[in-house]
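To be precise, the following lines are target_22.cif, and they hold mmCIF, C-alpha atoms, pLDDT in the B column; chains and numbers go by the auth columns.
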data_model
loop_
_atom_site.group_PDB
_atom_site.id
_atom_site.type_symbol
_atom_site.label_atom_id
_atom_site.label_comp_id
_atom_site.label_asym_id
_atom_site.label_seq_id
_atom_site.Cartn_x
_atom_site.Cartn_y
_atom_site.Cartn_z
_atom_site.B_iso_or_equiv
_atom_site.auth_seq_id
_atom_site.auth_asym_id
ATOM 1 C CA MET A 1 -35.754 11.242 -85.800 59.00 1 A
ATOM 2 C CA ASN A 2 -38.966 10.101 -87.443 72.00 2 A
ATOM 3 C CA ASN A 3 -42.394 11.672 -87.005 73.00 3 A
ATOM 4 C CA GLN A 4 -43.621 9.169 -84.405 76.00 4 A
ATOM 5 C CA GLU A 5 -40.505 9.594 -82.239 78.00 5 A
ATOM 6 C CA ASN A 6 -40.896 13.349 -82.542 76.00 6 A
ATOM 7 C CA ARG A 7 -44.499 13.183 -81.286 77.00 7 A
ATOM 8 C CA LYS A 8 -43.452 11.000 -78.334 80.00 8 A
ATOM 9 C CA THR A 9 -40.736 13.478 -77.404 83.00 9 A
ATOM 10 C CA ILE A 10 -43.192 16.387 -77.589 80.00 10 A
ATOM 11 C CA LYS A 11 -45.688 14.497 -75.379 81.00 11 A
ATOM 12 C CA LYS A 12 -42.931 13.785 -72.850 82.00 12 A
ATOM 13 C CA ILE A 13 -41.901 17.455 -72.778 85.00 13 A
ATOM 14 C CA ASN A 14 -45.540 18.547 -72.404 84.00 14 A
ATOM 15 C CA ARG A 15 -46.074 16.159 -69.472 86.00 15 A
ATOM 16 C CA LYS A 16 -42.929 17.494 -67.805 89.00 16 A
ATOM 17 C CA ASN A 17 -43.976 21.133 -68.349 89.00 17 A
ATOM 18 C CA THR A 18 -47.500 20.444 -67.108 92.00 18 A
ATOM 19 C CA LYS A 19 -46.145 18.863 -63.899 93.00 19 A
ATOM 20 C CA LEU A 20 -43.801 21.807 -63.378 94.00 20 A
ATOM 21 C CA ARG A 21 -46.587 24.349 -63.816 95.00 21 A
ATOM 22 C CA LEU A 22 -48.848 22.418 -61.456 95.00 22 A
ATOM 23 C CA SER A 23 -46.036 22.483 -58.894 95.00 23 A
ATOM 24 C CA TRP A 24 -46.060 26.317 -59.110 96.00 24 A
ATOM 25 C CA PHE A 25 -49.713 26.341 -58.075 95.00 25 A
ATOM 26 C CA ARG A 26 -49.163 23.799 -55.268 95.00 26 A
ATOM 27 C CA TYR A 27 -46.219 25.820 -53.935 96.00 27 A
ATOM 28 C CA PHE A 28 -48.294 28.996 -53.989 95.00 28 A
ATOM 29 C CA LYS A 29 -51.116 27.215 -52.134 94.00 29 A
ATOM 30 C CA LYS A 30 -48.672 26.434 -49.313 95.00 30 A
ATOM 31 C CA SER A 31 -46.762 29.733 -49.265 94.00 31 A
ATOM 32 C CA LYS A 32 -49.676 32.097 -50.059 94.00 32 A
ATOM 33 C CA ASN A 33 -47.074 34.420 -51.600 95.00 33 A
ATOM 34 C CA ILE A 34 -46.832 34.905 -55.372 95.00 34 A
ATOM 35 C CA ALA A 35 -43.544 36.829 -55.266 95.00 35 A
ATOM 36 C CA LYS A 36 -41.920 34.045 -53.225 96.00 36 A
ATOM 37 C CA THR A 37 -43.313 31.384 -55.575 96.00 37 A
ATOM 38 C CA CYS A 38 -42.017 33.167 -58.663 96.00 38 A
ATOM 39 C CA ARG A 39 -38.572 33.688 -57.118 96.00 39 A
ATOM 40 C CA TYR A 40 -38.393 30.046 -56.052 96.00 40 A
ATOM 41 C CA PHE A 41 -39.122 28.780 -59.581 95.00 41 A
ATOM 42 C CA GLY A 42 -37.281 31.583 -61.381 96.00 42 A
ATOM 43 C CA ILE A 43 -40.308 32.817 -63.318 95.00 43 A
ATOM 44 C CA SER A 44 -41.908 36.230 -63.691 96.00 44 A
ATOM 45 C CA ARG A 45 -45.259 37.083 -62.174 96.00 45 A
ATOM 46 C CA GLN A 46 -46.521 37.694 -65.682 96.00 46 A
ATOM 47 C CA THR A 47 -45.638 34.100 -66.611 95.00 47 A
ATOM 48 C CA TYR A 48 -47.266 32.760 -63.448 96.00 48 A
ATOM 49 C CA TYR A 49 -50.496 34.648 -64.095 96.00 49 A
ATOM 50 C CA LYS A 50 -50.532 33.700 -67.787 94.00 50 A
ATOM 51 C CA TRP A 51 -50.429 29.986 -66.947 95.00 51 A
ATOM 52 C CA LEU A 52 -52.810 30.375 -63.996 95.00 52 A
ATOM 53 C CA LYS A 53 -55.362 32.009 -66.302 95.00 53 A
ATOM 54 C CA LYS A 54 -55.038 29.106 -68.774 93.00 54 A
ATOM 55 C CA TYR A 55 -55.297 26.573 -65.944 93.00 55 A
ATOM 56 C CA ILE A 56 -58.460 28.174 -64.596 94.00 56 A
ATOM 57 C CA LYS A 57 -60.038 28.337 -68.055 94.00 57 A
ATOM 58 C CA TYR A 58 -58.985 24.928 -69.499 92.00 58 A
ATOM 59 C CA GLY A 59 -57.792 22.837 -66.555 92.00 59 A
ATOM 60 C CA LYS A 60 -54.707 20.630 -67.009 89.00 60 A
ATOM 61 C CA ASP A 61 -55.059 20.817 -70.811 88.00 61 A
ATOM 62 C CA GLY A 62 -54.416 24.548 -70.589 89.00 62 A
ATOM 63 C CA LEU A 63 -50.909 23.906 -69.236 90.00 63 A
ATOM 64 C CA ILE A 64 -49.719 22.210 -72.435 88.00 64 A
ATOM 65 C CA ASN A 65 -47.437 24.195 -74.745 84.00 65 A
ATOM 66 C CA ARG A 66 -49.358 25.193 -77.860 80.00 66 A
ATOM 67 C CA SER A 67 -47.875 25.942 -81.241 76.00 67 A
ATOM 68 C CA LYS A 68 -47.517 29.611 -82.058 75.00 68 A
ATOM 69 C CA LYS A 69 -47.697 28.827 -85.754 74.00 69 A
ATOM 70 C CA PRO A 70 -50.694 30.534 -87.357 71.00 70 A
ATOM 71 C CA LYS A 71 -53.550 28.256 -88.380 70.00 71 A
ATOM 72 C CA HIS A 72 -54.149 30.222 -91.547 68.00 72 A
ATOM 73 C CA ILE A 73 -51.247 31.301 -93.697 64.00 73 A
ATOM 74 C CA LYS A 74 -51.713 34.116 -96.159 69.00 74 A
ATOM 75 C CA SER A 75 -51.223 32.700 -99.632 71.00 75 A
ATOM 76 C CA LYS A 76 -49.992 34.592 -102.662 79.00 76 A
ATOM 77 C CA ILE A 77 -52.473 35.327 -105.400 84.00 77 A
ATOM 78 C CA GLU A 78 -51.179 34.382 -108.808 87.00 78 A
ATOM 79 C CA PRO A 79 -50.541 37.298 -111.223 88.00 79 A
ATOM 80 C CA LYS A 80 -53.028 35.898 -113.753 91.00 80 A
ATOM 81 C CA LEU A 81 -55.830 36.093 -111.181 90.00 81 A
ATOM 82 C CA LYS A 82 -54.758 39.602 -110.122 90.00 82 A
ATOM 83 C CA ARG A 83 -55.009 40.788 -113.745 91.00 83 A
ATOM 84 C CA LEU A 84 -58.458 39.211 -114.033 92.00 84 A
ATOM 85 C CA ILE A 85 -59.647 40.943 -110.844 92.00 85 A
ATOM 86 C CA LYS A 86 -58.244 44.304 -112.028 91.00 86 A
ATOM 87 C CA ASN A 87 -60.073 43.823 -115.311 92.00 87 A
ATOM 88 C CA TRP A 88 -63.359 43.150 -113.510 93.00 88 A
ATOM 89 C CA LEU A 89 -62.823 46.224 -111.325 91.00 89 A
ATOM 90 C CA LYS A 90 -62.244 48.400 -114.398 91.00 90 A
ATOM 91 C CA ARG A 91 -65.414 47.005 -115.964 92.00 91 A
ATOM 92 C CA GLY A 92 -67.392 48.123 -112.903 91.00 92 A
ATOM 93 C CA PHE A 93 -68.080 44.849 -111.093 91.00 93 A
ATOM 94 C CA LYS A 94 -68.863 45.214 -107.390 92.00 94 A
ATOM 95 C CA ILE A 95 -66.413 43.768 -104.865 92.00 95 A
ATOM 96 C CA THR A 96 -68.935 41.201 -103.601 93.00 96 A
ATOM 97 C CA GLU A 97 -69.539 40.029 -107.188 93.00 97 A
ATOM 98 C CA ILE A 98 -65.809 39.625 -107.768 93.00 98 A
ATOM 99 C CA LYS A 99 -65.409 37.782 -104.465 92.00 99 A
ATOM 100 C CA ASN A 100 -68.153 35.329 -105.472 93.00 100 A
ATOM 101 C CA LYS A 101 -66.756 34.894 -109.008 92.00 101 A
ATOM 102 C CA VAL A 102 -63.276 34.076 -107.693 91.00 102 A
ATOM 103 C CA LYS A 103 -64.728 31.621 -105.184 90.00 103 A
ATOM 104 C CA LYS A 104 -66.763 29.920 -107.911 91.00 104 A
ATOM 105 C CA ILE A 105 -64.054 29.827 -110.599 88.00 105 A
ATOM 106 C CA LYS A 106 -60.861 29.302 -108.587 85.00 106 A
ATOM 107 C CA LYS A 107 -62.358 27.664 -105.457 86.00 107 A
ATOM 108 C CA ILE A 108 -60.419 30.057 -103.207 85.00 108 A
ATOM 109 C CA GLU A 109 -61.545 32.663 -100.710 86.00 109 A
ATOM 110 C CA ILE A 110 -60.260 36.221 -101.110 87.00 110 A
ATOM 111 C CA SER A 111 -60.907 38.699 -98.333 87.00 111 A
ATOM 112 C CA TYR A 112 -63.171 41.663 -98.911 88.00 112 A
ATOM 113 C CA SER A 113 -60.494 44.004 -97.558 88.00 113 A
ATOM 114 C CA TYR A 114 -57.923 42.704 -100.077 87.00 114 A
ATOM 115 C CA LEU A 115 -60.356 43.412 -102.920 90.00 115 A
ATOM 116 C CA GLN A 116 -61.035 46.883 -101.512 90.00 116 A
ATOM 117 C CA LYS A 117 -57.288 47.627 -101.573 88.00 117 A
ATOM 118 C CA MET A 118 -57.078 46.424 -105.158 86.00 118 A
ATOM 119 C CA SER A 119 -60.090 48.573 -106.032 86.00 119 A
ATOM 120 C CA SER A 120 -58.596 51.715 -104.494 85.00 120 A
ATOM 121 C CA LYS A 121 -55.288 51.080 -106.331 79.00 121 A
ATOM 122 C CA ALA A 122 -57.171 50.554 -109.604 74.00 122 A
ATOM 123 C CA ASN A 123 -59.058 53.827 -109.101 73.00 123 A
ATOM 124 C CA LYS A 124 -55.794 55.743 -108.528 69.00 124 A
ATOM 125 C CA ASN A 125 -54.288 54.513 -111.804 62.00 125 A
#

What does this structure look like when you write it as structure tokens?
Amino acid sequence: MNNQENRKTIKKINRKNTKLRLSWFRYFKKSKNIAKTCRYFGISRQTYYKWLKKYIKYGKDGLINRSKKPKHIKSKIEPKLKRLIKNWLKRGFKITEIKNKVKKIKKIEISYSYLQKMSSKANKN
């Protein structure tokens, strides 16, 4: 299956899921009973309320399945850069200075908390 076919399949599934979730809300409107609605569709109340909350906040777009994949993936810092940072820490550079140096030299962003951990490890050794 190529990428375009995959996207079409995902869109089809999303349309089907959106229609199903809308039918939950229509059924509840008629029955006025959440327990009955959940039993009828075989879903938990927690699931019903989760999707209702999204529907109220985002409308129909909120009923689409979203990826659970994180938007930002933690990347490994190469050993060479780690040694350089440790060296700077030993020489007394402040964490903010190191953060700025790394950003300028390597064009990557390192979190302040990561540098703090490295600093505390360097101070123990």

Reference answer for the PyMOL selection byres ((chain A and resi 37) around 12), as a ChimeraX atom specification: /A:21,23-36,38-45,47-49

Atomic distance atom CA of A:Tyr112 - atom CA of A:Thr96, expressed in Å with one decimal: 7.4 Å

Å distance separating atom CA of A:Lys53 from atom CA of A:Thr9, one decimal place: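 Rounded to one decimal, the two atoms are 26.1 Å apart.
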
Residues matched by the PyMOL selection byres ((chain A and resi 115) around 9), written as number ranges by chain: A: 85, 95-96, 98-99, 110-114, 116-120

Point-to-point distance from atom CA of A:Ser75 to atom CA of A:Lys106, Å rounded to tenths: 13.6 Å

Contacts of A:Lys101 within 12 Å, only C-alpha atoms, excl. fewer than 6 positions in-chain, as a ChimeraX atom specification: /A:81,84-85,88,93-95,107-110

Quick one: what's the axis-aligned box for stretch 35-51 of chain A, all listed atoms, 8 Å on every side, centre and edges in Å to one decimal, as AutoDock Vina command-line options?
--center_x -43.9 --center_y 33.2 --center_z -60.5 --size_x 29.3 --size_y 24.9 --size_z 30.6

Which residue of A:Asn17, A:Ile105, A:Asn123, A:Lys8 approaches A:Asp61 most closely, using all atoms listed in the file: A:Asn17

Residue nearest A:Ala122 - candidates A:Ile10, A:Ile64, A:Leu52, A:Leu89, atoms counted: all atoms listed in the file: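 Of A:Ile10, A:Ile64, A:Leu52, A:Leu89, the one nearest A:Ala122 is A:Leu89, counting all atoms listed in the file.
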
Distance criterion (only C-alpha atoms): nearest to A:Trp51 out of A:Lys90, A:Arg66, A:Arg83, A:Arg7: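 Between A:Lys90, A:Arg66, A:Arg83, A:Arg7, the residue approaching A:Trp51 most closely is A:Arg66.
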
Which residue of A:Asn2, A:Gly62, A:Lys71, A:Lys54 approaches A:Asn14 most closely, using only C-alpha atoms: A:Gly62
